[in-house]
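A.B. asks: Input structure: upload.txt, which contains compact mmCIF, C-alpha atoms and all ligand atoms.
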```txt
# COMPACT_ATOMS: atom_id res chain seq x y z
CA MET W 1 -110.23 26.90 34.17
CA GLU W 2 -106.46 26.56 34.36
CA THR W 3 -104.48 29.30 32.70
CA VAL W 4 -101.23 27.65 31.66
CA ALA W 5 -99.37 30.64 30.24
CA PRO W 6 -99.15 33.78 32.33
CA LEU W 7 -101.53 36.63 31.49
CA LYS W 8 -98.90 39.04 30.22
CA GLU W 9 -97.31 36.44 28.03
CA ILE W 10 -100.57 35.44 26.34
CA ILE W 11 -101.46 39.04 25.55
CA GLU W 12 -97.94 39.82 24.31
CA VAL W 13 -97.76 36.70 22.14
CA ILE W 14 -101.17 37.46 20.67
CA LYS W 15 -99.98 40.95 19.76
CA GLU W 16 -96.72 39.71 18.26
CA SER W 17 -98.58 37.06 16.29
CA GLY W 18 -100.86 39.49 14.53
CA GLY W 19 -103.78 38.90 16.87
CA ASP W 20 -103.76 42.38 18.34
CA ALA W 21 -107.02 43.12 16.52
CA PHE W 22 -108.74 41.18 19.34
CA LYS W 23 -109.07 44.49 21.10
CA PHE W 24 -111.50 45.83 18.49
CA CYS W 25 -114.02 43.04 19.22
CA TYR W 26 -117.17 44.41 20.85
CA GLN W 27 -118.68 40.98 21.44
CA CYS W 28 -121.58 41.26 18.98
CA GLY W 29 -121.46 37.50 18.32
CA LEU W 30 -122.00 37.75 14.55
CA CYS W 31 -119.00 35.48 14.02
CA ASP W 32 -120.78 32.70 15.92
CA THR W 33 -123.93 32.96 13.83
CA VAL W 34 -122.07 32.07 10.61
CA CYS W 35 -119.56 29.58 12.01
CA PRO W 36 -120.15 26.06 10.62
CA TRP W 37 -119.46 24.56 14.04
CA ASN W 38 -122.78 25.89 15.26
CA ARG W 39 -124.52 23.61 12.79
CA VAL W 40 -123.15 20.55 14.55
CA ARG W 41 -122.48 21.64 18.16
CA THR W 42 -122.10 24.82 20.18
CA PHE W 43 -118.91 26.79 19.64
CA SER W 44 -118.10 30.41 20.31
CA MET W 45 -115.21 32.26 18.71
CA ARG W 46 -116.61 35.33 20.43
CA LYS W 47 -115.99 33.68 23.81
CA ILE W 48 -112.46 32.60 22.83
CA ILE W 49 -111.73 36.20 21.85
CA ARG W 50 -113.18 37.50 25.14
CA GLU W 51 -111.08 35.12 27.22
CA ALA W 52 -107.93 35.89 25.24
CA THR W 53 -108.42 39.61 25.74
CA PHE W 54 -108.04 39.01 29.48
CA GLY W 55 -105.26 36.43 29.09
CA LEU W 56 -107.63 33.71 30.33
CA THR W 57 -107.10 31.27 27.48
CA ASP W 58 -107.09 27.63 28.53
CA ILE W 59 -104.49 26.35 26.10
CA GLU W 60 -105.22 22.75 27.06
CA SER W 61 -108.78 22.82 25.79
CA ASP W 62 -110.06 21.61 22.39
CA GLU W 63 -111.89 24.85 21.70
CA MET W 64 -109.09 26.95 20.20
CA TRP W 65 -108.30 24.09 17.79
CA ARG W 66 -111.77 23.95 16.26
CA CYS W 67 -111.51 26.86 13.82
CA THR W 68 -110.99 25.50 10.31
CA THR W 69 -109.93 28.98 9.14
CA CYS W 70 -112.83 28.77 6.71
CA GLY W 71 -112.96 32.53 6.34
CA ASN W 72 -116.69 32.88 6.86
CA CYS W 73 -116.68 34.94 10.05
CA PRO W 74 -114.01 37.55 9.27
CA ARG W 75 -116.06 38.82 6.34
CA GLN W 76 -119.06 39.33 8.67
CA CYS W 77 -117.22 41.03 11.52
CA PRO W 78 -118.32 44.67 11.78
CA ARG W 79 -115.10 45.62 13.60
CA GLY W 80 -112.66 44.06 11.13
CA VAL W 81 -111.16 41.74 13.73
CA ALA W 82 -108.51 39.46 12.17
CA ILE W 83 -110.27 36.47 13.72
CA ILE W 84 -108.28 33.74 11.98
CA GLU W 85 -104.90 35.29 12.74
CA ALA W 86 -105.97 35.87 16.32
CA GLY W 87 -107.03 32.23 16.70
CA VAL W 88 -103.78 30.99 15.16
CA SER W 89 -101.82 33.18 17.57
CA LEU W 90 -103.30 31.19 20.47
CA ARG W 91 -102.24 27.95 18.80
CA LYS W 92 -98.72 29.34 18.52
CA ILE W 93 -98.60 29.56 22.30
CA ALA W 94 -99.83 25.98 22.70
CA THR W 95 -97.32 24.76 20.10
CA GLU W 96 -94.50 26.55 21.86
CA TYR W 97 -95.46 24.91 25.18
CA GLY W 98 -96.04 21.56 23.43
CA VAL W 99 -99.53 21.39 24.97
CA PHE W 100 -102.08 19.59 22.81
CA PRO W 101 -105.49 18.16 23.73
CA THR W 102 -106.02 14.51 22.73
CA SER W 103 -107.87 15.39 19.51
CA VAL W 104 -104.87 17.45 18.36
CA ASN W 105 -102.22 14.89 19.31
CA PRO W 106 -101.87 13.54 15.73
CA VAL W 107 -100.26 16.88 14.82
CA ARG W 108 -97.09 15.79 16.68
CA ALA W 109 -96.54 12.90 14.25
CA ILE W 110 -97.49 15.14 11.33
CA SER W 111 -94.82 17.66 12.36
CA ALA W 112 -92.22 14.89 12.63
CA SER W 113 -93.10 13.61 9.17
CA LEU W 114 -92.99 17.12 7.70
CA THR W 115 -89.64 17.77 9.35
CA GLY W 116 -88.06 14.49 8.28
CA GLU W 117 -89.62 13.78 4.89
CA GLY W 118 -91.32 17.01 3.79
CA ASN W 119 -94.84 15.53 3.81
CA PRO W 120 -97.55 15.01 6.46
CA LEU W 121 -98.41 11.46 5.41
CA ASN W 122 -95.48 9.59 6.96
CA GLU W 123 -94.24 8.68 3.51
CA THR W 124 -90.65 8.78 2.28
CA ARG W 125 -89.34 11.73 0.35
CA LYS W 126 -87.93 9.51 -2.38
CA ALA W 127 -91.41 8.12 -3.17
CA ARG W 128 -92.79 11.59 -3.89
CA ALA W 129 -92.85 11.21 -7.66
CA ASN W 130 -94.16 7.62 -7.71
CA TRP W 131 -97.63 8.88 -8.67
CA ALA W 132 -96.25 9.62 -12.16
CA GLU W 133 -95.02 6.07 -12.86
CA GLY W 134 -95.86 5.01 -16.40
CA LEU W 135 -96.76 8.55 -17.46
CA SER W 136 -94.65 10.84 -19.55
CA VAL W 137 -93.68 13.34 -16.86
CA LYS W 138 -90.27 15.04 -16.93
CA ALA W 139 -88.18 16.57 -14.19
CA PHE W 140 -88.51 20.34 -14.27
CA THR W 141 -85.67 22.19 -15.97
CA GLU W 142 -85.15 25.90 -16.48
CA GLY W 143 -86.95 27.29 -19.50
CA MET W 144 -89.94 24.94 -19.29
CA GLU W 145 -93.34 26.60 -19.62
CA ILE W 146 -94.60 25.69 -16.16
CA LEU W 147 -93.77 23.76 -13.00
CA TYR W 148 -96.52 21.39 -11.88
CA PHE W 149 -96.57 21.23 -8.06
CA PRO W 150 -99.11 18.48 -7.13
CA GLY W 151 -98.69 18.90 -3.34
CA CYS W 152 -98.48 16.16 -0.69
CA TYR W 153 -101.92 14.54 -0.93
CA LEU W 154 -101.82 14.21 -4.72
CA CYS W 155 -98.31 12.73 -4.53
CA TYR W 156 -99.05 10.06 -1.92
CA ASP W 157 -102.73 9.48 -1.19
CA PRO W 158 -104.08 6.60 -3.32
CA ARG W 159 -107.39 8.38 -4.07
CA LEU W 160 -105.73 11.68 -4.88
CA LYS W 161 -102.91 10.25 -6.98
CA LYS W 162 -105.65 9.76 -9.58
CA VAL W 163 -106.08 13.55 -9.69
CA ALA W 164 -102.34 14.11 -10.22
CA ARG W 165 -102.32 11.49 -12.99
CA ALA W 166 -105.40 13.04 -14.66
CA THR W 167 -103.68 16.44 -14.51
CA ALA W 168 -100.45 15.18 -16.10
CA ASP W 169 -102.45 13.39 -18.76
CA ILE W 170 -104.37 16.57 -19.67
CA LEU W 171 -101.19 18.65 -19.75
CA ASN W 172 -99.56 16.12 -22.07
CA ARG W 173 -102.60 16.02 -24.35
CA ALA W 174 -102.52 19.84 -24.52
CA GLY W 175 -98.83 19.75 -25.40
CA ILE W 176 -97.75 21.74 -22.34
CA ASP W 177 -94.01 21.80 -21.69
CA PHE W 178 -94.16 21.08 -17.96
CA GLY W 179 -92.06 19.34 -15.34
CA ILE W 180 -92.16 18.34 -11.67
CA LEU W 181 -89.64 18.64 -8.85
CA GLY W 182 -90.24 15.10 -7.54
CA SER W 183 -88.34 14.41 -4.34
CA SER W 184 -87.08 18.03 -4.22
CA GLU W 185 -90.66 19.19 -3.61
CA ASN W 186 -91.65 19.89 0.01
CA CYS W 187 -95.05 20.37 1.59
CA CYS W 188 -96.09 23.98 0.94
CA GLY W 189 -96.53 24.43 4.71
CA GLU W 190 -99.87 26.24 4.61
CA SER W 191 -101.77 23.99 7.00
CA ILE W 192 -99.02 23.42 9.56
CA ARG W 193 -98.74 27.21 9.81
CA LYS W 194 -102.42 27.38 10.78
CA THR W 195 -101.73 24.96 13.63
CA GLY W 196 -99.38 27.59 15.03
CA ASP W 197 -96.07 25.98 14.01
CA GLU W 198 -94.56 29.05 12.43
CA GLU W 199 -91.01 27.72 12.63
CA LEU W 200 -91.80 24.58 10.64
CA PHE W 201 -93.78 26.59 8.09
CA LYS W 202 -90.81 28.89 7.57
CA ARG W 203 -88.42 25.98 7.16
CA LEU W 204 -90.63 24.30 4.53
CA ALA W 205 -91.25 27.57 2.71
CA ARG W 206 -87.56 28.54 2.63
CA GLU W 207 -86.59 25.12 1.28
CA ASN W 208 -89.25 25.32 -1.44
CA ILE W 209 -88.26 28.85 -2.37
CA LYS W 210 -84.59 27.85 -2.64
CA THR W 211 -85.55 24.89 -4.86
CA PHE W 212 -87.73 27.11 -7.07
CA ILE W 213 -84.94 29.66 -7.48
CA ASP W 214 -82.19 27.05 -8.01
CA ASN W 215 -84.29 25.42 -10.74
CA GLY W 216 -85.28 28.65 -12.49
CA VAL W 217 -89.00 28.31 -11.70
CA LYS W 218 -91.13 31.29 -12.69
CA LYS W 219 -94.67 29.94 -13.07
CA ILE W 220 -96.22 27.30 -10.79
CA LEU W 221 -99.34 25.25 -11.46
CA VAL W 222 -101.03 23.84 -8.34
CA SER W 223 -103.92 21.47 -7.71
CA SER W 224 -104.49 22.41 -4.08
CA PRO W 225 -106.02 25.73 -3.03
CA HIS W 226 -103.83 25.49 0.09
CA CYS W 227 -100.64 25.50 -2.02
CA TYR W 228 -102.21 28.26 -4.12
CA HIS W 229 -102.96 30.41 -1.09
CA THR W 230 -99.58 30.13 0.54
CA PHE W 231 -97.51 30.52 -2.66
CA LYS W 232 -99.53 33.53 -3.74
CA ASN W 233 -100.24 35.30 -0.47
CA GLU W 234 -97.74 34.03 2.12
CA TYR W 235 -94.46 33.27 0.28
CA PRO W 236 -94.16 36.96 -0.73
CA GLU W 237 -93.35 37.51 2.99
CA PHE W 238 -89.94 36.07 1.97
CA MET W 239 -89.53 38.77 -0.69
CA VAL W 240 -90.24 36.44 -3.63
CA ASN W 241 -93.01 36.48 -6.18
CA PHE W 242 -93.76 33.50 -8.38
CA GLU W 243 -96.64 33.42 -10.83
CA VAL W 244 -99.13 30.94 -9.38
CA VAL W 245 -102.10 29.40 -11.17
CA HIS W 246 -104.68 26.96 -9.89
CA ILE W 247 -105.60 24.08 -12.19
CA ALA W 248 -109.23 25.30 -12.48
CA GLU W 249 -108.22 28.62 -14.00
CA TYR W 250 -105.40 27.06 -16.03
CA LEU W 251 -107.65 24.51 -17.73
CA LEU W 252 -110.17 27.23 -18.57
CA GLU W 253 -107.38 29.29 -20.08
CA LEU W 254 -106.14 26.33 -22.14
CA ILE W 255 -109.64 25.76 -23.52
CA ASN W 256 -110.20 29.45 -24.24
CA LYS W 257 -106.89 29.64 -26.11
CA GLY W 258 -107.73 26.56 -28.15
CA ARG W 259 -104.91 24.50 -26.64
CA LEU W 260 -107.25 21.94 -25.10
CA GLU W 261 -110.27 20.49 -26.82
CA LEU W 262 -113.21 18.87 -25.05
CA THR W 263 -114.62 16.23 -27.37
CA LYS W 264 -117.00 14.07 -25.33
CA ASP W 265 -120.32 14.48 -23.55
CA TYR W 266 -120.67 14.25 -19.77
CA GLY W 267 -124.35 13.55 -19.34
CA LYS W 268 -124.54 14.08 -15.57
CA LYS W 269 -125.91 16.55 -13.05
CA VAL W 270 -122.98 18.13 -11.28
CA THR W 271 -122.85 20.49 -8.33
CA TYR W 272 -119.67 22.37 -7.45
CA HIS W 273 -118.37 22.84 -3.92
CA ASP W 274 -116.24 25.99 -3.43
CA PRO W 275 -113.17 25.11 -1.34
CA CYS W 276 -112.62 27.82 1.30
CA TYR W 277 -109.08 28.55 0.16
CA LEU W 278 -109.99 28.92 -3.50
CA GLY W 279 -113.29 30.74 -2.96
CA ARG W 280 -113.52 32.88 0.16
CA HIS W 281 -109.76 33.30 0.62
CA ASN W 282 -108.92 33.96 -3.02
CA GLY W 283 -112.17 34.95 -4.74
CA LYS W 284 -112.08 32.23 -7.40
CA TYR W 285 -115.74 31.29 -7.76
CA ASP W 286 -116.28 31.83 -11.49
CA GLU W 287 -113.37 29.96 -13.07
CA PRO W 288 -114.35 26.43 -11.93
CA ARG W 289 -117.98 27.05 -12.93
CA LYS W 290 -117.03 28.46 -16.34
CA LEU W 291 -114.82 25.42 -16.86
CA LEU W 292 -117.61 22.98 -15.99
CA LYS W 293 -120.05 24.88 -18.23
CA LYS W 294 -117.72 24.32 -21.19
CA ILE W 295 -118.42 20.58 -20.96
CA SER W 296 -121.12 19.40 -23.29
CA GLY W 297 -124.01 17.53 -21.65
CA LEU W 298 -122.93 18.52 -18.14
CA GLU W 299 -125.76 20.11 -16.16
CA LEU W 300 -124.35 22.38 -13.47
CA ILE W 301 -126.68 22.92 -10.53
CA GLU W 302 -126.12 24.94 -7.38
CA MET W 303 -126.68 23.45 -3.95
CA ALA W 304 -127.43 25.32 -0.74
CA ASP W 305 -124.57 27.41 0.71
CA SER W 306 -122.69 27.98 -2.51
CA MET W 307 -120.02 30.49 -3.56
CA GLU W 308 -119.12 32.94 -0.76
CA ASN W 309 -121.50 31.12 1.60
CA SER W 310 -119.87 27.76 0.89
CA LEU W 311 -120.04 25.29 3.75
CA CYS W 312 -116.49 24.36 4.79
CA CYS W 313 -115.59 20.66 4.38
CA GLY W 314 -113.89 20.79 7.79
CA GLY W 315 -110.33 20.23 6.58
CA GLY W 316 -108.69 23.64 6.78
CA GLY W 317 -106.63 25.08 9.62
CA GLY W 318 -104.91 21.73 10.15
CA ARG W 319 -108.26 20.06 11.01
CA ILE W 320 -107.55 17.52 8.24
CA TRP W 321 -105.14 15.95 10.74
CA MET W 322 -107.40 16.10 13.81
CA GLU W 323 -110.16 13.79 14.95
CA THR W 324 -113.69 15.05 14.36
CA PRO W 325 -116.30 12.72 15.88
CA LYS W 326 -119.23 11.44 13.85
CA GLY W 327 -122.13 13.84 14.08
CA GLU W 328 -119.77 16.83 14.02
CA ARG W 329 -118.46 16.52 10.45
CA PHE W 330 -119.46 19.41 8.18
CA SER W 331 -118.75 17.22 5.16
CA ASP W 332 -121.66 14.93 6.13
CA ILE W 333 -123.99 17.92 5.81
CA ARG W 334 -122.39 18.95 2.51
CA ILE W 335 -122.96 15.51 1.00
CA GLU W 336 -126.63 15.68 1.98
CA GLN W 337 -126.87 19.14 0.40
CA ALA W 338 -125.42 17.82 -2.88
CA VAL W 339 -127.83 14.88 -2.94
CA GLY W 340 -130.70 17.18 -1.95
CA ALA W 341 -129.95 19.41 -4.95
CA GLY W 342 -130.33 16.38 -7.23
CA ALA W 343 -126.65 16.06 -8.16
CA GLY W 344 -125.11 12.76 -9.19
CA VAL W 345 -121.61 14.22 -8.99
CA LEU W 346 -120.12 16.48 -6.35
CA ALA W 347 -117.22 18.28 -8.01
CA THR W 348 -114.59 20.28 -6.22
CA SER W 349 -110.96 21.26 -6.60
CA CYS W 350 -109.20 20.63 -3.28
CA PRO W 351 -107.58 17.46 -1.87
CA TYR W 352 -108.89 18.08 1.65
CA CYS W 353 -112.47 18.48 0.41
CA ILE W 354 -112.20 15.29 -1.64
CA THR W 355 -110.77 13.34 1.32
CA HIS W 356 -113.61 14.43 3.60
CA PHE W 357 -116.34 14.01 1.00
CA GLU W 358 -115.18 10.50 0.12
CA GLU W 359 -115.44 9.56 3.82
CA SER W 360 -118.82 11.25 4.20
CA ARG W 361 -120.16 9.60 1.04
CA LEU W 362 -120.03 6.32 2.95
CA THR W 363 -122.61 7.70 5.39
CA LEU W 364 -125.19 7.77 2.59
CA LYS W 365 -127.66 4.87 2.48
CA ASP W 366 -126.78 4.43 -1.18
CA HIS W 367 -123.01 5.07 -1.45
CA ASP W 368 -123.20 5.12 -5.21
CA ALA W 369 -125.84 7.84 -5.35
CA LEU W 370 -123.11 10.46 -5.42
CA ALA W 371 -119.66 10.43 -7.03
CA ILE W 372 -116.92 12.72 -5.73
CA LYS W 373 -114.72 14.22 -8.44
CA ASP W 374 -111.98 16.73 -8.76
CA ILE W 375 -112.83 18.97 -11.72
CA THR W 376 -109.59 17.75 -13.32
CA GLU W 377 -110.93 14.19 -13.34
CA ILE W 378 -114.10 15.35 -15.08
CA VAL W 379 -112.11 17.22 -17.75
CA ARG W 380 -109.91 14.15 -18.21
CA GLU W 381 -113.00 12.10 -19.01
CA VAL W 382 -114.16 14.42 -21.80
CA ILE W 383 -110.99 15.11 -23.78
S1 LIG H 401 -118.08 39.44 14.78
FE1 LIG H 401 -116.18 40.61 15.27
S2 LIG H 401 -116.83 42.14 16.80
FE2 LIG H 401 -118.47 40.59 16.70
S3 LIG H 401 -117.95 39.10 18.34
FE3 LIG H 401 -117.04 38.30 16.44
S4 LIG H 401 -114.92 39.15 16.42
FE4 LIG H 401 -116.10 40.35 17.93
S1 LIG H 402 -113.02 31.08 10.33
FE1 LIG H 402 -114.76 29.69 9.99
S2 LIG H 402 -114.44 27.94 11.41
FE2 LIG H 402 -113.12 29.65 12.09
S3 LIG H 402 -114.36 30.67 13.67
FE3 LIG H 402 -114.68 31.75 11.70
S4 LIG H 402 -116.52 30.80 10.83
FE4 LIG H 402 -115.77 29.44 12.48
```
Reformat the file's structure so that it appears as structure tokens.
Ligand code: SF4
Ligand code: SF4
C.D. replies:
Amino acid sequence: METVAPLKEIIEVIKESGGDAFKFCYQCGLCDTVCPWNRVRTFSMRKIIREATFGLTDIESDEMWRCTTCGNCPRQCPRGVAIIEAGVSLRKIATEYGVFPTSVNPVRAISASLTGEGNPLNETRKARANWAEGLSVKAFTEGMEILYFPGCYLCYDPRLKKVARATADILNRAGIDFGILGSSENCCGESIRKTGDEELFKRLARENIKTFIDNGVKKILVSSPHCYHTFKNEYPEFMVNFEVVHIAEYLLELINKGRLELTKDYGKKVTYHDPCYLGRHNGKYDEPRKLLKKISGLELIEMADSMENSLCCGGGGGRIWMETPKGERFSDIRIEQAVGAGAGVLATSCPYCITHFEESRLTLKDHDALAIKDITEIVREVI
């Protein structure tokens, strides 16, 4: 194994990057028993930790890029090792040296797109609000009830634009005084941070924070659990605190307050997939389920690995931008679990999960046996 960065440097960078908790690891291997990678191939976070402790990390290998930051292993670790932070600290070293294995190479173009246009999809900044064409969506101005922040995938991705449009439609029907920032909106930066590019994360975050403050934003509605996580838990590192709500909890609140009425039946069997960054990272398991249970005729069923045991879709930690070969995609297993539970609809509330599930759906013999829906799209159908 070639050690690219010198021993002292690796250990020092790990410490500086919040990965110092490596030293508490006593190599029990519990993390490996719950890691989704071990359902599709062998992978050992325990080994990565061991090697890093001795400064023996091979920063050219694929291994340290596998972690999807799903959050399953830290909650099992008997020594409280900050496993995700420690893993990200190794990526910071690789990013600093500009050393990426082939599977991670796409991240270079992603970084360039984020730097130049504020999104990872190689789209232009000025097209950011095109998803709202033909809808009554205003630019945010101070004093409005809420800012709607759709996030990059909902602004640009053809499949996910439908979710942004459904959201705006519901908000309009409920009479919510909301606005968007359009081309002033930047990527939230959550996922690029998990690839170790702290500098780019900070630049995106600072620009967003300045825009929020300049526009008098106080309350932010998000569709992506990744935006939710970083606005709520990471932006306070910049000494700011905005009120952040995820669409699942917001829609439930609107219904409970009588501001949104569900009028139609949804006669389908639905199973709900907990996105890692809404569930395990932020404890929001009940709100999406309560919302779905409000819908008349909808039968909510649980599949294997639900709630805190949710099987990661594979898209977190920047993995959404990396190549995962067929046979190693967690989302393929998840689709089978949904079908196995008897669901006709797999509902979720995260753009990365939807992207992966839509791809995995095509691996089914009968592609139409399962529909993939954001919970917003389901609500849109029944108002
Ligand atoms: S579960 Fe914790 S203590 Fe056990 S090997 Fe993993 S990081 Fe180390
Ligand atoms: S956070 Fe999830 S993907 Fe990463 S090592 Fe732990 S269990 Fe595996």
A.B. asks: Go through the chains and note each residue within 7 Å of ligand LIG 401 (chain H), using only C-alpha atoms and all ligand atoms, then give the set as a PyMOL selection string.
C.D. replies: chain W and resi 24-32+45-46+49+73+76-81+83
A.B. asks: So which residues touch Pro120 in chain W within 8 Å, counting only C-alpha atoms, skipping near sequence neighbours fewer than 6 positions away, as a PyMOL selection string?
C.D. replies: chain W and resi 110-111+113-114+152+187
A.B. asks: Those same residues, written as an mmCIF file, in the coordinates of the input with C-alpha atoms?
C.D. replies:
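And here is the file that came out, part_38.cif:
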```cif
data_model
loop_
_atom_site.group_PDB
_atom_site.id
_atom_site.type_symbol
_atom_site.label_atom_id
_atom_site.label_comp_id
_atom_site.auth_asym_id
_atom_site.auth_seq_id
_atom_site.Cartn_x
_atom_site.Cartn_y
_atom_site.Cartn_z
ATOM 1 C CA ILE W 110 -97.490 15.140 11.330
ATOM 2 C CA SER W 111 -94.820 17.660 12.360
ATOM 3 C CA SER W 113 -93.100 13.610 9.170
ATOM 4 C CA LEU W 114 -92.990 17.120 7.700
ATOM 5 C CA CYS W 152 -98.480 16.160 -0.690
ATOM 6 C CA CYS W 187 -95.050 20.370 1.590
#
```
A.B. asks: Could you report the residues within 9 Å of ligand LIG 402 (chain H), using only C-alpha atoms and all ligand atoms, as a ChimeraX atom specification?
C.D. replies: /W:31-38,43-46,66-75,83-84,87,312,314,316-317
A.B. asks: Residues at most 12 Å from range 279-285 of chain W, counting all atoms listed in the file, excluding those fewer than 5 positions away in the same chain, as a PyMOL selection string?
C.D. replies: chain W and resi 69-75+84+225-233+245-249+272-274+290-292+306-312+316+348-350
A.B. asks: Could you tell me how far CA of Gly258 in chain W lies from CA of Lys162 in chain W, in Å and to one decimal?
C.D. replies: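 For CA of Gly258 in chain W relative to CA of Lys162 in chain W, the distance reads 25.1 Å.
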A.B. asks: Separation of CA of Gly151 in chain W and CA of Thr95 in chain W, in Å?
C.D. replies: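 Pair CA of Gly151 in chain W / CA of Thr95 in chain W returns 24.2 Å.
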A.B. asks: From the options W:Pro288, W:Gly175, W:Gly340, W:Pro325, which residue's atoms come nearest to Glu261 in chain W, counting all atoms listed in the file?
C.D. replies: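 Closest to Glu261 in chain W, using all atoms listed in the file: W:Gly175.
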A.B. asks: Rounded to one decimal in Å, what is the spacing between CA of Leu181 in chain W and CA of Lys161 in chain W?
C.D. replies: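 Calculated distance between CA of Leu181 in chain W and CA of Lys161 in chain W is 15.8 Å.
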A.B. asks: So which one's closest to Ile295 in chain W, W:Lys268, W:Arg165, W:Arg193, W:Lys218? Using all atoms listed in the file, please.
C.D. replies: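 Going through W:Lys268, W:Arg165, W:Arg193, W:Lys218 one by one, the smallest distance to Ile295 in chain W is for W:Lys268.
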A.B. asks: Tell me which protein, DNA and RNA residues are within 6 Å of range 366-375 of chain W, counting all atoms listed in the file, leaving out same-chain ones fewer than 2 positions away, and put them as a list in words.
C.D. replies: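 Answer for this query is Gly344, Val345, Leu346, Ala347, Thr348, Ser349, Arg361, Leu362, Leu364, Glu377 and Ile378 of chain W.
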A.B. asks: Pick from W:Thr141, W:Glu287, W:Ser224, W:Thr115: nearest to Ala164 in chain W, with only C-alpha atoms counted?
C.D. replies: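 Going through W:Thr141, W:Glu287, W:Ser224, W:Thr115 one by one, the smallest distance to Ala164 in chain W is for W:Ser224.
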